[in-house]
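Participant: Structure provided below as structure tokens; questions to follow.
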Amino acid sequence: MAETTELIQHIELYVDTSRSPTEQAASLNSIISLVKSDFLTIEVLVKEMRMYLTTTDNVIRARGVLLLAEVLTGLVSKPLDNATIHSLIGFFTDRLADWRALRGALVGCLALLRRKVNAGMVSTSDAKLVAQSYIESLQVQSLGQHDRKLCFELLECLLERHPNEIASLGETFFYGICQAMDGEKDPHCLMLTFPMVETLVRIYPDPSGSLASFCGDLFELLGSYFPIHFTHLKDEDAEVKRDDLSKALMSAFSSTPLFEPFVIPLLLEKLSSSLPLAKVDSLKYLNHCTAKYGADRMAKHAGAIWISLKDAISNSLEKPAMPFTSEPLYGLGFQENEIATEALMLLQKVTLQNEALFLSLINQDEGINIVFNSIASHEHYNNISLQGKQWLHAVGRILYIISKTSMASCNSVFESFFPRLMNTLEISVTNSSGDCTLNENSFPSKKFNFGALYLCVELIAACRDLIMRLKDLAPKPDTSQETCRYMLHMFADSLVNAFSSSLATNANEVAHGADIYFKVKGLQILATFPGDFLPISKFLFANILTILMSIILVDFNKILLWKLVLKALVHIGSFVDMYHESEKALGYMGAVVDKTVSLVSRDDFNVPFSLKLEAVSEIGASGRNHMLKIAQGMEEAIVAKLSDYVHGNLKSAEKTIQLLECYCNKILSWINETGGPEEVLLRFVINIWNCIESCKDFSIQVQEEELLDATMMAMKLATGSCSEESQNIIIHKAYSVISSSISIPFKESLDATSSIQLEELRVSEQIDKSSHRDGQMDKFSLRDEWILSLFASVIIAVRPKAQIANVKGILHLFMTTLLKGCVPAAQALGSVINKLGTKSNETANSNYCTLEEAVDMIFRTKLWNLNENGVLRTCGSGNGSKVGLTDLCLGFSSNKLLQVHAIVGLAWIGKGLLLLGHEKVKDVTKILLECLLSEGRIRAMELKQGLLENSYEQHTVMRSAADAFHILMSDSEVCLNRKFHAIARPLYKQRFFSTVMPILQSWIIKSDSSVCRSMLFRASAHLISNAPLIVILSEAKKLMPVLLDGLSLLSEDILDKDKLYSLLLVLSGILTDKNGQVAVIENAHILVNCLTRLIDYPHMMLVRETALQCLLATSELPYARIFPMRTQVLQAICKALDDPKRAVRQEAVRCRRAWLVL
Amino acid sequence: MVSELINANPVIYEKKERRVRSVPTAAVDEYAVEPIDQQEIFDILSLNLVSLVSKDIKDPEHPYSLEELKVITEDAIEVDDGRGYIRVTFTPTVEHCSMATVIGLCLRVKLLRSLPSRYKVDIRVAPGSHATEAAVNKQLNDKERVAAALENTSLLDMVDECISPSYE
């Protein structure tokens, strides 16, 4: 009983229209769950609701019926017995006549009709009754949008589920449906009605039956929608796309061939309209319908379609024609819009369907004939009128598309047009097939007729495309008897000769781009015909390659020609490689690849070096074998140049750098992308090592830093791309070189606890020398530096799992060398530490070193002895206090340069640890902070001794300590990144930032020395500009003062401009964020001061521009806050209006406007 | 404001193909000077005056820009960056166009706000294109009268509205 009262409450609530929709939905849900869990049967529910279902109050009745219908919708999967369903559907069928309660009736019918078999379905007779009632009582078009949609859904459901019953209803129902759909305009409803037409056509398949007679009426209804065009686009229609609707209409159009007499004339008529949308749509529809209606029905429209297509293609060409560049073009380079593209697609389709008919149409076409007849007048590209060019383009494209369609059409086109073209070009049949050597005199200074040249190239291009397509078909069609093959065969030799000789002679005079373009294209196509179709002789092929290569070698001044030829060669190369034309491949390798390689290895060609490199990399990319050969050639060239360089030939340095860059950018990336053989990389690296090893004497005095950098980069990239096994080989090689030939000795195996006698480091003396503060620190010998840097590169790039021999010895070596300012050594140290992190569970061997041991060695062990006079010696010899890296950083030695180097080294080691998330980072940070604050301490000491001159050096130390934070936080290109297999823990930057930043901030407040403060600001600036923006935003309020002080600090030194810019970007990130803006309000005054200063920053345009953008963003702060600054800002911007850079001026105008209207 | 269209059916010209400025390469000289030129002035004037025409012709179906109506063309702008002199010649669409002074005032204010103060700006109606050419020229280049016009708040509001950027 309790349930009944509860039920009544729910029903009351739902029926009450004053309740909120959520409440109603809740009560509906609870009723559904009652029925679902069998507390309530449908019978009881209906009985309880009888009053609501039959009352004369329209509103309550409508709500009641809707409630019952919604309940049934919610019970789709609950099994119901047939009697219940019968009575329910009967009820709803009756209700269809009750227009006031229609919504519920529709929803109920739909819910019942959509039921699955296992849950009990509506019987066929009942469905028929629904359909009848639908036709008799529903005036669909007079209903609202949602009800109409429901009506169509109901209709769709009936048509799909009970097609036979519907069909038996006959004509009346058919007309009923037509009436319901007539005049529908809502896209959602149309999405339902269009497919319904298709279903209707399926249900009445009898072509002579009712459908045939109604087709006209049905189409009258459909035709008015074409083309689909939205006049008012509302947001609610956004989910129905024009394209979807258009596709639905298209399939409705093509649903039966019976529509053909109505559809095709309509489409052709719309095609001739001026609306581009209508044209495109007509073409698309025609394309679709052609396939559906069949060849017979389409045949009678062929003539009309051809004429419309021809017009569409030639009228839709957009001027101007594109200039001839090295990029491939369609036809004469007129931009083809969507209409032309669709038209050409359709042309291909109809030709394929009705070959003979269309071919005869084309052969007899007057327009085409006129073009061919007037072709003699198209001697030069420049002399052809715009219209003439358009016609030529259109004809070329049409012939191309038609010939490409099938072998028969290709034959036909060749038969009718090819001889005429050859005639115009004055090319005769080759009479002797054997003698194909290039005869320069056969075409003495003859100019080609451009029009004929163009059409001829289009034809052979089409023929080749066709052949290449047929080649891929499974049963390869026999092409030996085809006319086009025969014709091409006849003319091929003379064509090649003609093209190549005219290219060769033209090279001396100025030819138009179009001429060159088509000649090169022609040669390229002729060279890339499959051998079994057009057997071009070996000599001829070689001739083509020779001509093209000679242009590459000589005509580098004609950029267009050169680029086109290079492209053609690449095409030929990839064709040869892809289709295994072994004979041609051999010829190509000899004539092109070898010659290209010799371009870089030898200096006797005048081709500019950058072009040489372009040619090498492009041709290499045309095929695997070519690339291998090229890679080898490059490698040899690099090694040769390198050894040249080390023997004192300074001139080769620049070229070597270019070669190395090309190798890295093109060849290495090609190998990485295609998964090429890594032996190439291995060989490259080993060869460089061999080269370095064999050069015992570096006779060169001047160091080319760039060359060393480029070599290191190449070494890193090549090593980094290798597998572990190859890397092991590389490490072994490198190790053997460094241990045998470097003049700095290092311990083979260093026991961390005992100090072994070692001979004195030469380093120490040099450091000693440099303490005379002559500014120039003598480094170790050039050869040592090279070997050491390259060795460091290898170590930087190896994978974590690669085996490094004698880790401890190497660590020691790097530790020593980094003190001499060898940054790669420091980076390598960082990398080693970083990668040791994963090796924890490996079996220990004698060489093996754990991360802890390594860290211990770096931070604890006192490796060196410090004499009283600042001379550094390796531990064990001499007397004096023992020092380690940490001590050096903290300035135990009076040599400041040494301290700077130690700090930089420490920073890189710290970065390795930081990426790893090692706790030792804290110590590193502590040391660095200690250095930052060292001034105060030193100052006191100096005051005592009266040694103020030292303060400049002290500043450099502090500055390098501050910059160490940049090393720690920023992403480096040269080491410790993903490319070089560094291990990086996620969010390491956030973590580091949030630990160090508060310390820095508190010290900034405490610090009383201006230098100290500025260094602290500097360090904070590095932290802020490299931390993720989201972290900064969350603490923007606290960071703001530091950030602004950092900005003014960094703007003082021109060397810091990049850092200044990145910090400014952080600021602009804060300003453009909602939360960030709130944070800056308090500091608005300082902010504006700082930004107005930066507007004048002379050294970097981007800084000025960004500063103005920031000011623009500042203008959105609360009015009261910024209004006092208005005058100041406007004055500052006035200066920016006269900025030397345009971008800044534009930004200034925008910014000024924003502040003016405040 | 006028209640009926001054020129109901203006002739519309195709927009000229815009010269594309060569994009500065990566290795651009940081200290090189890019002088103010014709195109820059034209960009300042043409981009932001769209609303003037659409507002005053009061025809929402014809929202053409001054450029499309050929009121201003790039060739009609003379710039001498060294001497700080600019002369803009504009062509009203019809001879009796009462909007000519307003258009001219808008041009002047826009330039005033977008250029450094060292420039002297001359704004003129193209010879023969307006019935009261001399009067308009005099009015537009009279400092006092321009200043007075800008004191007039309703006029100033209108000008502000006209030259506000169209992308907002």
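Order determines the names: the first chain of the structure tokens is A, the second B, and so forth; residues in each chain are numbered 1 upward, and ligands are numbered 1 upward as they are shown.
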Which residues of chain B come within 7 Å of chain A, and what is each one's closest atom pair and distance in Å (one decimal), counting only C-alpha atoms, sorted by chain and residue number, as a Markdown table?
Facilitator:
```
| residue | atom | partner | partner_atom | distance |
| --- | --- | --- | --- | --- |
| B:Glu30 | CA | A:Met1100 | CA | 6.3 |
| B:Val33 | CA | A:Pro1140 | CA | 4.6 |
| B:Glu34 | CA | A:Lys1141 | CA | 5.3 |
| B:Pro35 | CA | A:Pro1140 | CA | 6.7 |
| B:Ser114 | CA | A:Val1149 | CA | 5.2 |
| B:Leu115 | CA | A:Leu1137 | CA | 5.8 |
| B:Pro116 | CA | A:Leu1137 | CA | 5.1 |
```
Participant: Taking C-alpha atoms for each residue, export the selection above as a PDB file, in the first residue's frame.
Facilitator:
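Listing of again_3.pdb after writing:
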```
ATOM      1  CA  GLU B  30      69.111  43.236 -34.707  1.00  0.00           C
ATOM      2  CA  VAL B  33      66.370  50.112 -39.216  1.00  0.00           C
ATOM      3  CA  GLU B  34      63.098  49.417 -40.983  1.00  0.00           C
ATOM      4  CA  PRO B  35      61.884  52.831 -42.106  1.00  0.00           C
ATOM      5  CA  SER B 114      49.888  55.807 -34.631  1.00  0.00           C
ATOM      6  CA  LEU B 115      52.888  57.832 -35.713  1.00  0.00           C
ATOM      7  CA  PRO B 116      55.715  59.415 -33.807  1.00  0.00           C
TER       8      PRO B 116
END
```
Participant: Excluding A:Leu1060 and residues on its chain fewer than 4 positions from it, collect all residues at most 7 Å away from it, counting only C-alpha atoms, and give them as a PyMOL selection string.
Facilitator: chain A and resi 1047+1050-1051+1056+1064
Participant: Give me a file of those residues, with C-alpha atoms, as a compact mmCIF listing (two decimals), in the first residue's frame.
Facilitator:
```txt
# COMPACT_ATOMS: atom_id res chain seq x y z
CA LEU A 1047 64.38 41.80 -15.25
CA LEU A 1050 69.42 41.28 -16.67
CA SER A 1051 68.75 44.31 -18.84
CA ASP A 1056 72.16 38.41 -20.99
CA LEU A 1064 60.08 38.41 -19.93
```
Participant: Near A:Tyr645, within 10 Å and counting only C-alpha atoms, which residues show up once chain neighbours fewer than 3 positions away are dropped, as a ChimeraX atom specification?
Facilitator: /A:639-642,648-654,656,698-700,704,707
Participant: How would the residues just picked look written out with C-alpha atoms as a short mmCIF file (atom, residue, chain, number, x, y, z; two decimals), in the first residue's frame?
Facilitator:
```
data_model
loop_
_atom_site.label_atom_id
_atom_site.label_comp_id
_atom_site.auth_asym_id
_atom_site.auth_seq_id
_atom_site.Cartn_x
_atom_site.Cartn_y
_atom_site.Cartn_z
CA VAL A 639 87.58 12.35 -42.72
CA ALA A 640 89.77 13.65 -45.51
CA LYS A 641 88.87 17.24 -44.72
CA LEU A 642 89.44 16.67 -41.03
CA GLY A 648 97.32 22.80 -41.00
CA ASN A 649 94.93 23.50 -43.82
CA LEU A 650 92.77 26.09 -42.15
CA LYS A 651 90.69 26.73 -45.22
CA SER A 652 89.04 23.37 -45.11
CA ALA A 653 87.56 24.09 -41.70
CA GLU A 654 84.49 25.91 -42.91
CA THR A 656 84.15 20.56 -42.96
CA PHE A 698 98.46 18.72 -34.87
CA SER A 699 100.40 21.27 -36.82
CA ILE A 700 97.59 23.70 -36.51
CA GLU A 704 88.43 26.49 -34.73
CA LEU A 707 84.67 22.86 -36.10
#
```
Participant: Fewer than 3 positions away in the same chain doesn't count, so skip those; otherwise give me all residues within 10 Å of A:Ile398, counting only C-alpha atoms, as a PDB file with N, CA and C atoms, in the first residue's frame.
Facilitator:
```
ATOM      1  N   LEU A 309      31.089  19.729 -68.811  1.00  0.00           N
ATOM      2  CA  LEU A 309      32.373  19.507 -68.153  1.00  0.00           C
ATOM      3  C   LEU A 309      33.460  20.376 -68.754  1.00  0.00           C
ATOM      4  N   LYS A 310      33.438  20.429 -70.073  1.00  0.00           N
ATOM      5  CA  LYS A 310      34.458  21.212 -70.755  1.00  0.00           C
ATOM      6  C   LYS A 310      34.374  22.669 -70.296  1.00  0.00           C
ATOM      7  N   ILE A 313      35.573  23.066 -66.682  1.00  0.00           N
ATOM      8  CA  ILE A 313      37.033  23.013 -66.504  1.00  0.00           C
ATOM      9  C   ILE A 313      37.682  24.284 -67.005  1.00  0.00           C
ATOM     10  N   SER A 314      37.293  24.706 -68.196  1.00  0.00           N
ATOM     11  CA  SER A 314      38.027  25.850 -68.756  1.00  0.00           C
ATOM     12  C   SER A 314      37.609  27.161 -68.105  1.00  0.00           C
ATOM     13  N   GLY A 331      49.359  20.824 -65.097  1.00  0.00           N
ATOM     14  CA  GLY A 331      49.212  21.515 -66.370  1.00  0.00           C
ATOM     15  C   GLY A 331      50.124  22.714 -66.476  1.00  0.00           C
ATOM     16  N   ALA A 343      35.335  18.286 -61.607  1.00  0.00           N
ATOM     17  CA  ALA A 343      34.984  18.050 -63.004  1.00  0.00           C
ATOM     18  C   ALA A 343      35.922  17.015 -63.615  1.00  0.00           C
ATOM     19  N   LEU A 344      37.193  17.140 -63.308  1.00  0.00           N
ATOM     20  CA  LEU A 344      38.144  16.184 -63.869  1.00  0.00           C
ATOM     21  C   LEU A 344      37.891  14.780 -63.323  1.00  0.00           C
ATOM     22  N   LEU A 347      34.977  13.475 -65.173  1.00  0.00           N
ATOM     23  CA  LEU A 347      35.354  13.134 -66.536  1.00  0.00           C
ATOM     24  C   LEU A 347      35.964  11.742 -66.578  1.00  0.00           C
ATOM     25  N   GLN A 348      36.819  11.484 -65.621  1.00  0.00           N
ATOM     26  CA  GLN A 348      37.454  10.176 -65.573  1.00  0.00           C
ATOM     27  C   GLN A 348      36.407   9.080 -65.375  1.00  0.00           C
ATOM     28  N   ILE A 362      35.284  13.439 -77.817  1.00  0.00           N
ATOM     29  CA  ILE A 362      36.497  14.251 -77.700  1.00  0.00           C
ATOM     30  C   ILE A 362      37.168  14.408 -79.057  1.00  0.00           C
ATOM     31  N   ILE A 368      38.592  21.417 -78.923  1.00  0.00           N
ATOM     32  CA  ILE A 368      39.898  20.767 -78.865  1.00  0.00           C
ATOM     33  C   ILE A 368      40.585  20.862 -80.215  1.00  0.00           C
ATOM     34  N   LEU A 392      44.820  25.962 -73.439  1.00  0.00           N
ATOM     35  CA  LEU A 392      45.871  24.955 -73.552  1.00  0.00           C
ATOM     36  C   LEU A 392      45.908  24.106 -72.285  1.00  0.00           C
ATOM     37  N   HIS A 393      45.824  24.796 -71.178  1.00  0.00           N
ATOM     38  CA  HIS A 393      45.838  24.094 -69.895  1.00  0.00           C
ATOM     39  C   HIS A 393      44.662  23.122 -69.810  1.00  0.00           C
ATOM     40  N   ALA A 394      43.476  23.638 -70.161  1.00  0.00           N
ATOM     41  CA  ALA A 394      42.278  22.801 -70.052  1.00  0.00           C
ATOM     42  C   ALA A 394      42.397  21.573 -70.947  1.00  0.00           C
ATOM     43  N   VAL A 395      42.814  21.797 -72.190  1.00  0.00           N
ATOM     44  CA  VAL A 395      42.927  20.660 -73.110  1.00  0.00           C
ATOM     45  C   VAL A 395      43.963  19.659 -72.597  1.00  0.00           C
ATOM     46  N   ILE A 401      43.695  13.360 -68.263  1.00  0.00           N
ATOM     47  CA  ILE A 401      42.757  12.562 -67.469  1.00  0.00           C
ATOM     48  C   ILE A 401      42.180  11.418 -68.302  1.00  0.00           C
ATOM     49  N   ILE A 402      41.810  11.743 -69.539  1.00  0.00           N
ATOM     50  CA  ILE A 402      41.191  10.720 -70.380  1.00  0.00           C
ATOM     51  C   ILE A 402      42.186   9.596 -70.664  1.00  0.00           C
ATOM     52  N   SER A 403      43.407   9.968 -71.039  1.00  0.00           N
ATOM     53  CA  SER A 403      44.359   8.922 -71.402  1.00  0.00           C
ATOM     54  C   SER A 403      44.701   8.071 -70.196  1.00  0.00           C
ATOM     55  N   LYS A 404      44.651   8.686 -69.035  1.00  0.00           N
ATOM     56  CA  LYS A 404      45.031   7.956 -67.837  1.00  0.00           C
ATOM     57  C   LYS A 404      43.979   6.926 -67.457  1.00  0.00           C
ATOM     58  N   GLU A 458      52.196  16.177 -71.413  1.00  0.00           N
ATOM     59  CA  GLU A 458      51.006  15.720 -70.698  1.00  0.00           C
ATOM     60  C   GLU A 458      50.618  14.310 -71.138  1.00  0.00           C
TER      61      GLU A 458
END
```
Participant: Pick from B:His130, B:Lys138, B:Lys143, B:Arg118: nearest to B:Arg83, with only C-alpha atoms counted?
Facilitator: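 For B:Arg83, the nearest of the candidates is B:Arg118.
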Participant: Just want the 10 Å neighbourhood of B:Cys106, counted on only C-alpha atoms, with same-chain residues fewer than 5 positions away dropped. Output as a PyMOL selection string.
Facilitator: chain B and resi 45+49+52+100-101+111-112+156+158-163
Participant: How would the residues just picked look written out with N, CA and C atoms as a CSV table (one decimal), in the first residue's frame?
Facilitator:
```csv
chain,number,residue,atom,x,y,z
B,45,LEU,N,46.0,52.7,-42.0
B,45,LEU,CA,44.7,53.4,-42.3
B,45,LEU,C,43.7,52.4,-42.8
B,49,LEU,N,39.6,51.1,-40.7
B,49,LEU,CA,38.6,52.1,-41.0
B,49,LEU,C,37.3,51.4,-41.6
B,52,LEU,N,33.9,52.6,-40.4
B,52,LEU,CA,33.4,54.0,-40.8
B,52,LEU,C,32.4,53.9,-41.9
B,100,ALA,N,33.1,63.4,-46.3
B,100,ALA,CA,34.5,63.6,-46.7
B,100,ALA,C,35.3,64.2,-45.5
B,101,THR,N,34.7,65.2,-44.8
B,101,THR,CA,35.5,65.8,-43.7
B,101,THR,C,35.6,64.8,-42.6
B,111,LEU,N,46.3,58.6,-37.8
B,111,LEU,CA,47.7,58.8,-38.0
B,111,LEU,C,48.4,59.5,-36.8
B,112,LEU,N,47.6,60.4,-36.2
B,112,LEU,CA,48.1,61.2,-35.0
B,112,LEU,C,48.5,60.2,-33.9
B,156,LEU,N,34.1,63.3,-31.3
B,156,LEU,CA,35.2,62.4,-30.9
B,156,LEU,C,34.8,61.0,-30.7
B,158,MET,N,32.5,59.5,-32.2
B,158,MET,CA,32.2,58.9,-33.5
B,158,MET,C,33.6,58.5,-34.2
B,159,VAL,N,34.5,59.4,-34.1
B,159,VAL,CA,35.8,59.1,-34.6
B,159,VAL,C,36.5,57.9,-33.9
B,160,ASP,N,36.4,57.9,-32.6
B,160,ASP,CA,36.9,56.8,-31.9
B,160,ASP,C,36.3,55.5,-32.3
B,161,GLU,N,35.0,55.5,-32.5
B,161,GLU,CA,34.3,54.3,-32.9
B,161,GLU,C,34.8,53.8,-34.3
B,162,CYS,N,35.0,54.8,-35.1
B,162,CYS,CA,35.3,54.5,-36.5
B,162,CYS,C,36.7,53.9,-36.6
B,163,ILE,N,37.6,54.4,-35.8
B,163,ILE,CA,39.0,53.9,-35.9
B,163,ILE,C,39.3,52.8,-35.0
```
Participant: Please report the interatomic distance between atom CA of A:Phe259 and atom CA of A:Ile203 in Å with one decimal.
Facilitator: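 Going from atom CA of A:Phe259 over to atom CA of A:Ile203, I get 15.7 Å.
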Participant: Applying 10 Å and only C-alpha atoms, which residues near A:Gly590 remain after dropping the ones on its own chain fewer than 6 positions away? List them as a list in words.
Facilitator: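 The filter keeps Ala542, Leu545, Lys584 and Thr596 of chain A.
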Participant: What does the structure give for the distance between atom CA of A:Trp1003 and atom CA of A:Asp856, in Å to one decimal?
Facilitator: 29.2 Å
Participant: Mind checking which residues fall within 12 Å of stretch 238-246 of chain A, counting only C-alpha atoms, ignoring those fewer than 2 positions away in the same chain, and posting them as a PyMOL selection string?
Facilitator: chain A and resi 185-195+222+225-236+248-253+277-278+280-282+284-285
Participant: One number please: atom CA of A:Glu919 to atom CA of A:Lys1038, in Å, one decimal.
Facilitator: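 These two atoms are separated by 26.5 Å.
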